$ cat start05.csv   # CSV, C-alpha atoms
chain,number,residue,atom,x,y,z
U,84,MET,CA,23.4,8.4,13.4
U,85,ALA,CA,20.9,11.3,13.3
U,86,ASP,CA,20.4,10.9,9.6
U,87,GLU,CA,19.7,7.2,9.7
U,88,ARG,CA,16.1,6.0,9.1
U,89,VAL,CA,14.5,4.3,12.1
U,90,VAL,CA,11.5,2.0,12.1
U,91,LEU,CA,9.7,0.8,15.2
U,92,VAL,CA,8.4,-2.8,15.1
U,93,THR,CA,6.1,-4.2,17.8
U,94,GLY,CA,5.5,-8.0,18.2
U,95,ALA,CA,9.1,-8.4,17.1
U,96,ALA,CA,9.7,-11.7,18.8
U,97,GLY,CA,7.1,-13.6,16.8
U,98,GLY,CA,7.5,-15.3,13.4
U,99,ILE,CA,6.1,-12.4,11.3
U,100,GLY,CA,7.7,-9.8,13.6
U,101,GLY,CA,11.1,-11.4,13.4
U,102,ALA,CA,10.9,-11.4,9.6
U,103,ILE,CA,9.9,-7.8,9.5
U,104,VAL,CA,12.8,-6.8,11.7
U,105,ALA,CA,15.3,-8.8,9.6
U,106,ARG,CA,13.9,-7.3,6.3
U,107,PHE,CA,14.2,-3.7,7.5
U,108,ALA,CA,17.6,-4.2,8.9
U,109,ALA,CA,18.7,-5.8,5.6
U,110,ASP,CA,17.2,-2.8,3.8
U,111,GLY,CA,19.4,-0.4,5.7
U,112,TRP,CA,17.0,0.8,8.4
U,113,ARG,CA,17.9,1.1,12.1
U,114,VAL,CA,15.2,-1.0,13.9
U,115,LEU,CA,13.8,-0.5,17.4
U,116,ALA,CA,12.3,-3.9,18.1
U,117,THR,CA,9.9,-4.4,21.0
U,118,ASP,CA,7.9,-7.3,22.4
U,119,ILE,CA,6.8,-8.6,25.8
U,120,VAL,CA,9.6,-11.1,26.1
U,121,ALA,CA,12.8,-10.4,28.0
U,122,ALA,CA,15.8,-9.1,26.1
U,123,SER,CA,17.7,-12.3,26.8
U,124,ASP,CA,14.9,-14.3,25.0
U,125,PHE,CA,14.9,-12.0,21.9
U,126,GLY,CA,18.4,-12.7,20.6
U,127,THR,CA,19.7,-10.9,17.6
U,128,ALA,CA,23.3,-10.4,16.5
U,129,ASP,CA,22.4,-7.6,14.1
U,130,ASP,CA,24.0,-4.4,15.3
U,131,ARG,CA,21.3,-2.4,13.3
U,132,VAL,CA,18.6,-3.7,15.7
U,133,ARG,CA,18.0,-2.6,19.3
U,134,TYR,CA,15.5,-4.5,21.4
U,135,VAL,CA,13.5,-2.9,24.2
U,136,PRO,CA,11.0,-5.1,26.1
U,137,ALA,CA,7.6,-3.4,26.5
U,138,ASP,CA,3.9,-4.1,26.8
U,139,VAL,CA,1.9,-2.5,23.9
U,140,ALA,CA,-1.2,-2.4,26.2
U,141,ASP,CA,0.7,0.2,28.4
U,142,ALA,CA,0.6,3.7,26.9
U,143,GLU,CA,3.5,5.0,29.1
U,144,GLN,CA,5.7,2.1,28.1
U,145,MET,CA,5.0,2.7,24.4
U,146,SER,CA,5.9,6.4,24.8
U,147,ALA,CA,9.2,5.3,26.3
U,148,VAL,CA,9.7,2.9,23.4
U,149,VAL,CA,9.2,5.7,20.8
U,150,ALA,CA,11.7,7.9,22.7
U,151,ALA,CA,14.2,5.0,22.5
U,152,ALA,CA,13.6,4.7,18.8
U,153,GLN,CA,14.3,8.5,18.4
U,154,GLU,CA,17.6,8.0,20.1
U,155,LEU,CA,18.7,5.7,17.2
U,156,GLY,CA,18.2,8.3,14.4
U,157,SER,CA,15.3,9.8,12.5
U,158,LEU,CA,12.1,7.9,13.3
U,159,ARG,CA,10.4,7.6,9.9
U,160,GLY,CA,8.2,4.5,10.3
U,161,CYS,CA,6.2,2.3,12.7
U,162,ILE,CA,4.8,-1.2,12.2
U,163,ALA,CA,2.2,-2.1,14.9
U,164,ASN,CA,2.5,-5.9,14.5
U,165,ALA,CA,1.9,-7.1,18.1
U,166,GLY,CA,-1.2,-9.3,18.3
U,167,VAL,CA,-2.7,-12.3,20.1
U,168,LEU,CA,-5.2,-15.0,19.6
U,169,THR,CA,-6.5,-15.9,23.0
U,170,GLU,CA,-9.8,-17.6,22.1
U,171,ASP,CA,-9.6,-21.4,22.4
U,172,PHE,CA,-11.8,-22.1,19.3
U,173,SER,CA,-14.7,-23.2,21.5
U,174,SER,CA,-18.2,-22.3,20.6
U,175,PHE,CA,-19.4,-18.8,21.3
U,176,VAL,CA,-21.9,-19.9,24.0
U,177,ASP,CA,-19.0,-21.4,26.0
U,178,SER,CA,-16.4,-18.7,25.3
U,179,SER,CA,-14.7,-16.5,27.9
U,180,GLN,CA,-15.1,-12.8,28.4
U,181,GLU,CA,-11.6,-12.7,29.7
U,182,ALA,CA,-10.3,-14.0,26.3
U,183,TRP,CA,-12.3,-11.2,24.6
U,184,ARG,CA,-10.9,-8.5,26.8
U,185,SER,CA,-7.3,-9.7,26.5
U,186,THR,CA,-7.7,-9.9,22.7
U,187,PHE,CA,-8.8,-6.3,22.4
U,188,GLU,CA,-6.3,-5.1,24.9
U,189,ILE,CA,-3.4,-6.2,22.7
U,190,ASN,CA,-4.9,-6.3,19.2
U,191,LEU,CA,-6.7,-2.9,19.4
U,192,ILE,CA,-5.6,-0.9,22.4
U,193,GLY,CA,-2.0,-2.0,21.7
U,194,VAL,CA,-2.2,-0.6,18.2
U,195,LEU,CA,-3.8,2.6,19.4
U,196,ASN,CA,-1.1,3.1,22.0
U,197,THR,CA,1.7,2.3,19.5
U,198,PHE,CA,0.2,4.6,16.8
U,199,GLN,CA,-0.5,7.5,19.2
U,200,ALA,CA,3.0,7.7,20.6
U,201,THR,CA,4.5,7.3,17.1
U,202,ALA,CA,2.1,9.8,15.5
U,203,ARG,CA,3.1,12.5,18.0
U,204,ALA,CA,6.7,12.0,17.0
U,205,LEU,CA,6.0,11.8,13.2
U,206,VAL,CA,3.8,14.9,13.1
U,207,ALA,CA,6.4,16.9,14.9
U,208,GLU,CA,9.0,15.7,12.4
U,209,GLY,CA,6.8,16.6,9.4
U,210,GLY,CA,5.6,13.1,8.4
U,211,GLY,CA,6.3,9.4,8.1
U,212,ARG,CA,4.7,6.0,7.7
U,213,MET,CA,2.6,3.9,10.0
U,214,ALA,CA,1.3,0.4,9.2
U,215,ALA,CA,-0.4,-2.3,11.2
U,216,THR,CA,-0.8,-6.0,11.0
U,217,ALA,CA,-4.5,-6.7,10.4
U,218,SER,CA,-5.8,-10.0,9.1
U,219,VAL,CA,-8.1,-11.4,6.5
U,220,SER,CA,-10.1,-12.5,9.5
U,221,GLY,CA,-10.9,-8.8,9.9
U,222,LEU,CA,-12.3,-8.8,6.3
U,223,ARG,CA,-14.0,-12.2,6.2
U,224,ALA,CA,-15.0,-13.6,9.6
U,225,GLU,CA,-14.2,-17.1,10.9
U,226,PRO,CA,-16.3,-19.2,13.2
U,227,THR,CA,-15.3,-19.6,16.9
U,228,LEU,CA,-13.1,-16.5,16.7
U,229,PRO,CA,-15.5,-13.5,17.2
U,230,ALA,CA,-13.2,-11.4,19.4
U,231,TYR,CA,-10.1,-11.9,17.1
U,232,CYS,CA,-12.1,-11.2,14.0
U,233,ALA,CA,-13.7,-8.1,15.6
U,234,SER,CA,-10.3,-6.8,16.8
U,235,LYS,CA,-8.7,-7.1,13.4
U,236,ALA,CA,-11.7,-5.4,11.8
U,237,ALA,CA,-11.3,-2.6,14.3
U,238,VAL,CA,-7.6,-2.3,13.4
U,239,ILE,CA,-8.6,-1.8,9.7
U,240,SER,CA,-11.1,0.9,10.8
U,241,VAL,CA,-8.4,2.6,13.0
U,242,VAL,CA,-6.1,2.7,10.0
U,243,GLN,CA,-8.7,4.3,7.8
U,244,SER,CA,-9.7,6.9,10.4
U,245,LEU,CA,-6.1,7.8,11.1
U,246,ALA,CA,-5.3,8.1,7.4
U,247,LEU,CA,-8.0,10.7,7.1
U,248,GLU,CA,-6.8,12.6,10.1
U,249,LEU,CA,-3.0,12.4,9.7
U,250,GLY,CA,-2.6,12.8,5.9
U,251,ALA,CA,-2.4,16.6,6.2
U,252,ALA,CA,0.6,16.1,8.5
U,253,GLY,CA,2.4,14.0,5.9
U,254,VAL,CA,1.7,10.7,7.7
U,255,THR,CA,0.5,7.7,5.8
U,256,VAL,CA,-1.4,4.9,7.6
U,257,ASN,CA,-2.0,1.5,6.1
U,258,ALA,CA,-2.5,-2.2,7.0
U,259,VAL,CA,-1.3,-5.5,5.8
U,260,ALA,CA,-3.9,-8.3,6.1
U,261,PRO,CA,-2.2,-11.7,6.0
U,262,GLY,CA,-3.9,-15.0,5.5
U,263,PRO,CA,-2.5,-18.2,7.1
U,264,VAL,CA,1.3,-17.9,7.6
U,265,GLY,CA,3.7,-20.7,8.3
U,266,THR,CA,4.5,-19.8,11.9
U,267,GLU,CA,4.4,-21.8,15.1
U,268,ALA,CA,1.4,-19.9,16.3
U,269,GLN,CA,-0.6,-21.2,13.3
U,270,MET,CA,-0.2,-24.8,14.6
U,271,ARG,CA,-2.7,-24.1,17.3
U,272,VAL,CA,-5.4,-23.8,14.6
U,273,ILE,CA,-5.0,-27.3,13.2
U,274,GLU,CA,-4.5,-28.8,16.7
U,275,SER,CA,-7.9,-27.4,17.7
U,276,ARG,CA,-9.7,-28.3,14.5
U,277,LYS,CA,-8.2,-31.6,13.6
U,278,GLN,CA,-11.6,-33.3,13.3
U,279,SER,CA,-12.9,-30.8,10.7
U,280,ALA,CA,-9.7,-31.1,8.6
U,281,LYS,CA,-10.7,-34.6,7.4
U,282,PRO,CA,-7.1,-36.0,7.4
U,283,ALA,CA,-6.1,-38.3,4.6
U,284,ALA,CA,-4.4,-41.6,5.4
U,285,GLN,CA,-0.6,-41.3,6.1
U,286,GLU,CA,-0.7,-37.5,6.5
U,287,THR,CA,1.6,-36.0,9.0
U,288,ALA,CA,0.3,-33.3,11.4
U,289,SER,CA,2.3,-30.7,9.4
U,290,GLU,CA,0.8,-31.9,6.1
U,291,ARG,CA,-2.7,-32.0,7.5
U,292,PHE,CA,-2.2,-28.4,8.9
U,293,GLU,CA,-1.1,-27.0,5.5
U,294,ARG,CA,-3.9,-28.7,3.7
U,295,PHE,CA,-6.5,-27.5,6.1
U,296,ARG,CA,-5.4,-23.9,5.8
U,297,THR,CA,-4.8,-23.8,2.0
U,298,GLU,CA,-7.5,-25.9,0.4
U,299,GLY,CA,-9.4,-23.9,-2.1
U,300,ARG,CA,-6.8,-21.1,-2.1
U,301,PRO,CA,-5.6,-20.1,-5.6
U,302,LEU,CA,-2.0,-20.2,-4.3
U,303,SER,CA,-2.4,-23.4,-2.4
U,304,ARG,CA,0.3,-22.9,0.2
U,305,LEU,CA,1.0,-21.1,3.5
U,306,ALA,CA,2.5,-17.6,3.2
U,307,LYS,CA,6.1,-17.2,4.3
U,308,PRO,CA,6.7,-14.7,7.1
U,309,GLU,CA,9.2,-13.0,4.7
U,310,GLU,CA,6.4,-12.4,2.2
U,311,ILE,CA,4.4,-10.5,4.9
U,312,ALA,CA,7.6,-8.5,5.7
U,313,GLY,CA,7.9,-7.6,2.0
U,314,ALA,CA,4.5,-6.1,2.0
U,315,PHE,CA,5.4,-3.9,4.9
U,316,ALA,CA,8.7,-3.0,3.2
U,317,TRP,CA,6.8,-1.7,0.2
U,318,LEU,CA,4.3,0.3,2.3
U,319,LEU,CA,7.2,2.1,4.0
U,320,SER,CA,9.1,2.6,0.7
U,321,GLU,CA,9.1,5.7,-1.5
U,322,ASP,CA,7.1,3.7,-4.1
U,323,ALA,CA,4.1,3.8,-1.7
U,324,ALA,CA,4.4,7.5,-0.8
U,325,TYR,CA,0.9,8.2,-2.2
U,326,VAL,CA,-0.8,5.2,-0.6
U,327,THR,CA,-2.8,5.7,2.6
U,328,GLY,CA,-5.8,4.2,4.3
U,329,GLN,CA,-5.4,0.9,2.4
U,330,VAL,CA,-5.4,-2.7,3.4
U,331,LEU,CA,-2.9,-4.8,1.5
U,332,VAL,CA,-4.2,-8.4,1.5
U,333,VAL,CA,-1.5,-11.0,1.4
U,334,ASP,CA,-3.4,-14.3,1.5
U,335,GLY,CA,-2.7,-16.2,-1.8
U,336,GLY,CA,-6.1,-15.2,-3.2
U,337,GLY,CA,-8.1,-16.8,-0.3
U,338,VAL,CA,-10.6,-13.9,0.0
U,339,LEU,CA,-11.7,-14.6,-3.6
U,340,VAL,CA,-13.1,-18.1,-2.9
$ encode --input "start05.csv" --output "structure tokens"
Amino acid sequence: MADERVVLVTGAAGGIGGAIVARFAADGWRVLATDIVAASDFGTADDRVRYVPADVADAEQMSAVVAAAQELGSLRGCIANAGVLTEDFSSFVDSSQEAWRSTFEINLIGVLNTFQATARALVAEGGGRMAATASVSGLRAEPTLPAYCASKAAVISVVQSLALELGAAGVTVNAVAPGPVGTEAQMRVIESRKQSAKPAAQETASERFERFRTEGRPLSRLAKPEEIAGAFAWLLSEDAAYVTGQVLVVDGGGVLV
């Protein structure tokens, strides 16, 4: 067991997180999965996966999660995937400061807590890989989501700063920036922006959602969670050993238009 590679994955109960956990388990990693949900609600039959509930906004809990990951074998990687979108797509003048604070508590402080606890372990072991889920919204802002966009831009800045600091210790730090992904969480976007989507006659809600999120995109479809997981798998592979401080955009070419 001590020789097995271990990866820590936060936000493991979501659509992207679940795909990341499944991909790394399939690739032969031991996975320490964590999220805010109870263990009974996580549900995995894969014996390569251990689930530990925790709140990424709590530094002490994340230190305990890292310790649990080290019990599984050799901690070699971490994917800080936990994130929230708490803004309700209302106009900025009507938006809530509570939503801003909760967004930053998870999307930024949660990443910092996760990375700090992991970095301590990786530096002591002589190196490893850390990666975070950013967003194209951190590169190209969207209206009515200023806190979310700012938090993801901050994640990108954190990744770049830590890449500079931790490189000498053999730790690479990168980010994946997804565009719209076909998860349940994305359905809130179309539900809140139905009127601007200009639905065509006879369209179902699902068809309207996909059109709204993919119009004008060179690859005119939503990403699959498994495609985001594949990007993380590459960043933690030996093929990416010389890659650090980078943002891998996985958005079907949307940032080009």
$ atom_distance --input "start05.csv" --atom1 "CA of Ala150 in chain U" --atom2 "CA of Val89 in chain U"
11.5 Å
$ residues_near_point --input "start05.csv" --point "(7.1, 3.1, 11.7)" --cutoff "8 Å" --atoms "all atoms listed in the file" --output "JSON, numbers by chain"
{"U": [89, 90, 91, 92, 158, 159, 160, 161, 162, 163, 201, 211, 212, 213, 214, 319]}
$ write_last_selection --input "start05.csv" --atoms "C-alpha atoms" --output "tab-separated table (two decimals), in the frame of the given file"
chain	number	residue	atom	x	y	z
U	89	VAL	CA	14.50	4.30	12.10
U	90	VAL	CA	11.50	2.00	12.10
U	91	LEU	CA	9.70	0.80	15.20
U	92	VAL	CA	8.40	-2.80	15.10
U	158	LEU	CA	12.10	7.90	13.30
U	159	ARG	CA	10.40	7.60	9.90
U	160	GLY	CA	8.20	4.50	10.30
U	161	CYS	CA	6.20	2.30	12.70
U	162	ILE	CA	4.80	-1.20	12.20
U	163	ALA	CA	2.20	-2.10	14.90
U	201	THR	CA	4.50	7.30	17.10
U	211	GLY	CA	6.30	9.40	8.10
U	212	ARG	CA	4.70	6.00	7.70
U	213	MET	CA	2.60	3.90	10.00
U	214	ALA	CA	1.30	0.40	9.20
U	319	LEU	CA	7.20	2.10	4.00
$ closest_residue --input "start05.csv" --among "U:Val340, U:Leu331, U:Ala207, U:Leu168" --to "Ile311 in chain U" --atoms "all atoms listed in the file"
U:Leu331
$ residues_around --input "start05.csv" --residues "Asp138 in chain U" --least-positions-apart "4" --cutoff "7 Å" --atoms "only C-alpha atoms" --output "list in words"
Asp118, Ile119 and Gln144 of chain U
$ residues_around --input "start05.csv" --residues "range 224-238 of chain U" --least-positions-apart "3" --cutoff "6 Å" --atoms "all atoms listed in the file" --output "mmCIF file with C-alpha atoms, keeping the file's coordinate frame"
data_model
loop_
_atom_site.group_PDB
_atom_site.id
_atom_site.type_symbol
_atom_site.label_atom_id
_atom_site.label_comp_id
_atom_site.auth_asym_id
_atom_site.auth_seq_id
_atom_site.Cartn_x
_atom_site.Cartn_y
_atom_site.Cartn_z
ATOM 1 C CA PHE U 172 -11.800 -22.100 19.300
ATOM 2 C CA SER U 173 -14.700 -23.200 21.500
ATOM 3 C CA SER U 174 -18.200 -22.300 20.600
ATOM 4 C CA TRP U 183 -12.300 -11.200 24.600
ATOM 5 C CA PHE U 187 -8.800 -6.300 22.400
ATOM 6 C CA ASN U 190 -4.900 -6.300 19.200
ATOM 7 C CA LEU U 191 -6.700 -2.900 19.400
ATOM 8 C CA ALA U 217 -4.500 -6.700 10.400
ATOM 9 C CA SER U 218 -5.800 -10.000 9.100
ATOM 10 C CA SER U 220 -10.100 -12.500 9.500
ATOM 11 C CA GLY U 221 -10.900 -8.800 9.900
ATOM 12 C CA VAL U 241 -8.400 2.600 13.000
#
$ closest_residue --input "start05.csv" --among "U:Thr197, U:Glu181, U:Asp124, U:Arg88" --to "Glu154 in chain U" --atoms "all atoms listed in the file"
U:Arg88
$ residues_around --input "start05.csv" --residues "range 130-135 of chain U" --least-positions-apart "3" --cutoff "12 Å" --atoms "all atoms listed in the file" --output "PDB file with C-alpha atoms, in the frame of the given file"
ATOM      1  CA  MET U  84      23.400   8.400  13.400  1.00  0.00           C
ATOM      2  CA  GLU U  87      19.700   7.200   9.700  1.00  0.00           C
ATOM      3  CA  ARG U  88      16.100   6.000   9.100  1.00  0.00           C
ATOM      4  CA  VAL U  89      14.500   4.300  12.100  1.00  0.00           C
ATOM      5  CA  VAL U  90      11.500   2.000  12.100  1.00  0.00           C
ATOM      6  CA  LEU U  91       9.700   0.800  15.200  1.00  0.00           C
ATOM      7  CA  VAL U  92       8.400  -2.800  15.100  1.00  0.00           C
ATOM      8  CA  THR U  93       6.100  -4.200  17.800  1.00  0.00           C
ATOM      9  CA  GLY U  94       5.500  -8.000  18.200  1.00  0.00           C
ATOM     10  CA  ALA U  95       9.100  -8.400  17.100  1.00  0.00           C
ATOM     11  CA  ALA U  96       9.700 -11.700  18.800  1.00  0.00           C
ATOM     12  CA  GLY U 101      11.100 -11.400  13.400  1.00  0.00           C
ATOM     13  CA  ILE U 103       9.900  -7.800   9.500  1.00  0.00           C
ATOM     14  CA  VAL U 104      12.800  -6.800  11.700  1.00  0.00           C
ATOM     15  CA  ALA U 105      15.300  -8.800   9.600  1.00  0.00           C
ATOM     16  CA  ARG U 106      13.900  -7.300   6.300  1.00  0.00           C
ATOM     17  CA  PHE U 107      14.200  -3.700   7.500  1.00  0.00           C
ATOM     18  CA  ALA U 108      17.600  -4.200   8.900  1.00  0.00           C
ATOM     19  CA  ALA U 109      18.700  -5.800   5.600  1.00  0.00           C
ATOM     20  CA  ASP U 110      17.200  -2.800   3.800  1.00  0.00           C
ATOM     21  CA  GLY U 111      19.400  -0.400   5.700  1.00  0.00           C
ATOM     22  CA  TRP U 112      17.000   0.800   8.400  1.00  0.00           C
ATOM     23  CA  ARG U 113      17.900   1.100  12.100  1.00  0.00           C
ATOM     24  CA  VAL U 114      15.200  -1.000  13.900  1.00  0.00           C
ATOM     25  CA  LEU U 115      13.800  -0.500  17.400  1.00  0.00           C
ATOM     26  CA  ALA U 116      12.300  -3.900  18.100  1.00  0.00           C
ATOM     27  CA  THR U 117       9.900  -4.400  21.000  1.00  0.00           C
ATOM     28  CA  ASP U 118       7.900  -7.300  22.400  1.00  0.00           C
ATOM     29  CA  ILE U 119       6.800  -8.600  25.800  1.00  0.00           C
ATOM     30  CA  VAL U 120       9.600 -11.100  26.100  1.00  0.00           C
ATOM     31  CA  ALA U 121      12.800 -10.400  28.000  1.00  0.00           C
ATOM     32  CA  ALA U 122      15.800  -9.100  26.100  1.00  0.00           C
ATOM     33  CA  SER U 123      17.700 -12.300  26.800  1.00  0.00           C
ATOM     34  CA  ASP U 124      14.900 -14.300  25.000  1.00  0.00           C
ATOM     35  CA  PHE U 125      14.900 -12.000  21.900  1.00  0.00           C
ATOM     36  CA  GLY U 126      18.400 -12.700  20.600  1.00  0.00           C
ATOM     37  CA  THR U 127      19.700 -10.900  17.600  1.00  0.00           C
ATOM     38  CA  ASP U 138       3.900  -4.100  26.800  1.00  0.00           C
ATOM     39  CA  VAL U 139       1.900  -2.500  23.900  1.00  0.00           C
ATOM     40  CA  GLN U 144       5.700   2.100  28.100  1.00  0.00           C
ATOM     41  CA  MET U 145       5.000   2.700  24.400  1.00  0.00           C
ATOM     42  CA  ALA U 147       9.200   5.300  26.300  1.00  0.00           C
ATOM     43  CA  VAL U 148       9.700   2.900  23.400  1.00  0.00           C
ATOM     44  CA  VAL U 149       9.200   5.700  20.800  1.00  0.00           C
ATOM     45  CA  ALA U 150      11.700   7.900  22.700  1.00  0.00           C
ATOM     46  CA  ALA U 151      14.200   5.000  22.500  1.00  0.00           C
ATOM     47  CA  ALA U 152      13.600   4.700  18.800  1.00  0.00           C
ATOM     48  CA  GLN U 153      14.300   8.500  18.400  1.00  0.00           C
ATOM     49  CA  GLU U 154      17.600   8.000  20.100  1.00  0.00           C
ATOM     50  CA  LEU U 155      18.700   5.700  17.200  1.00  0.00           C
ATOM     51  CA  GLY U 156      18.200   8.300  14.400  1.00  0.00           C
TER      52      GLY U 156
END
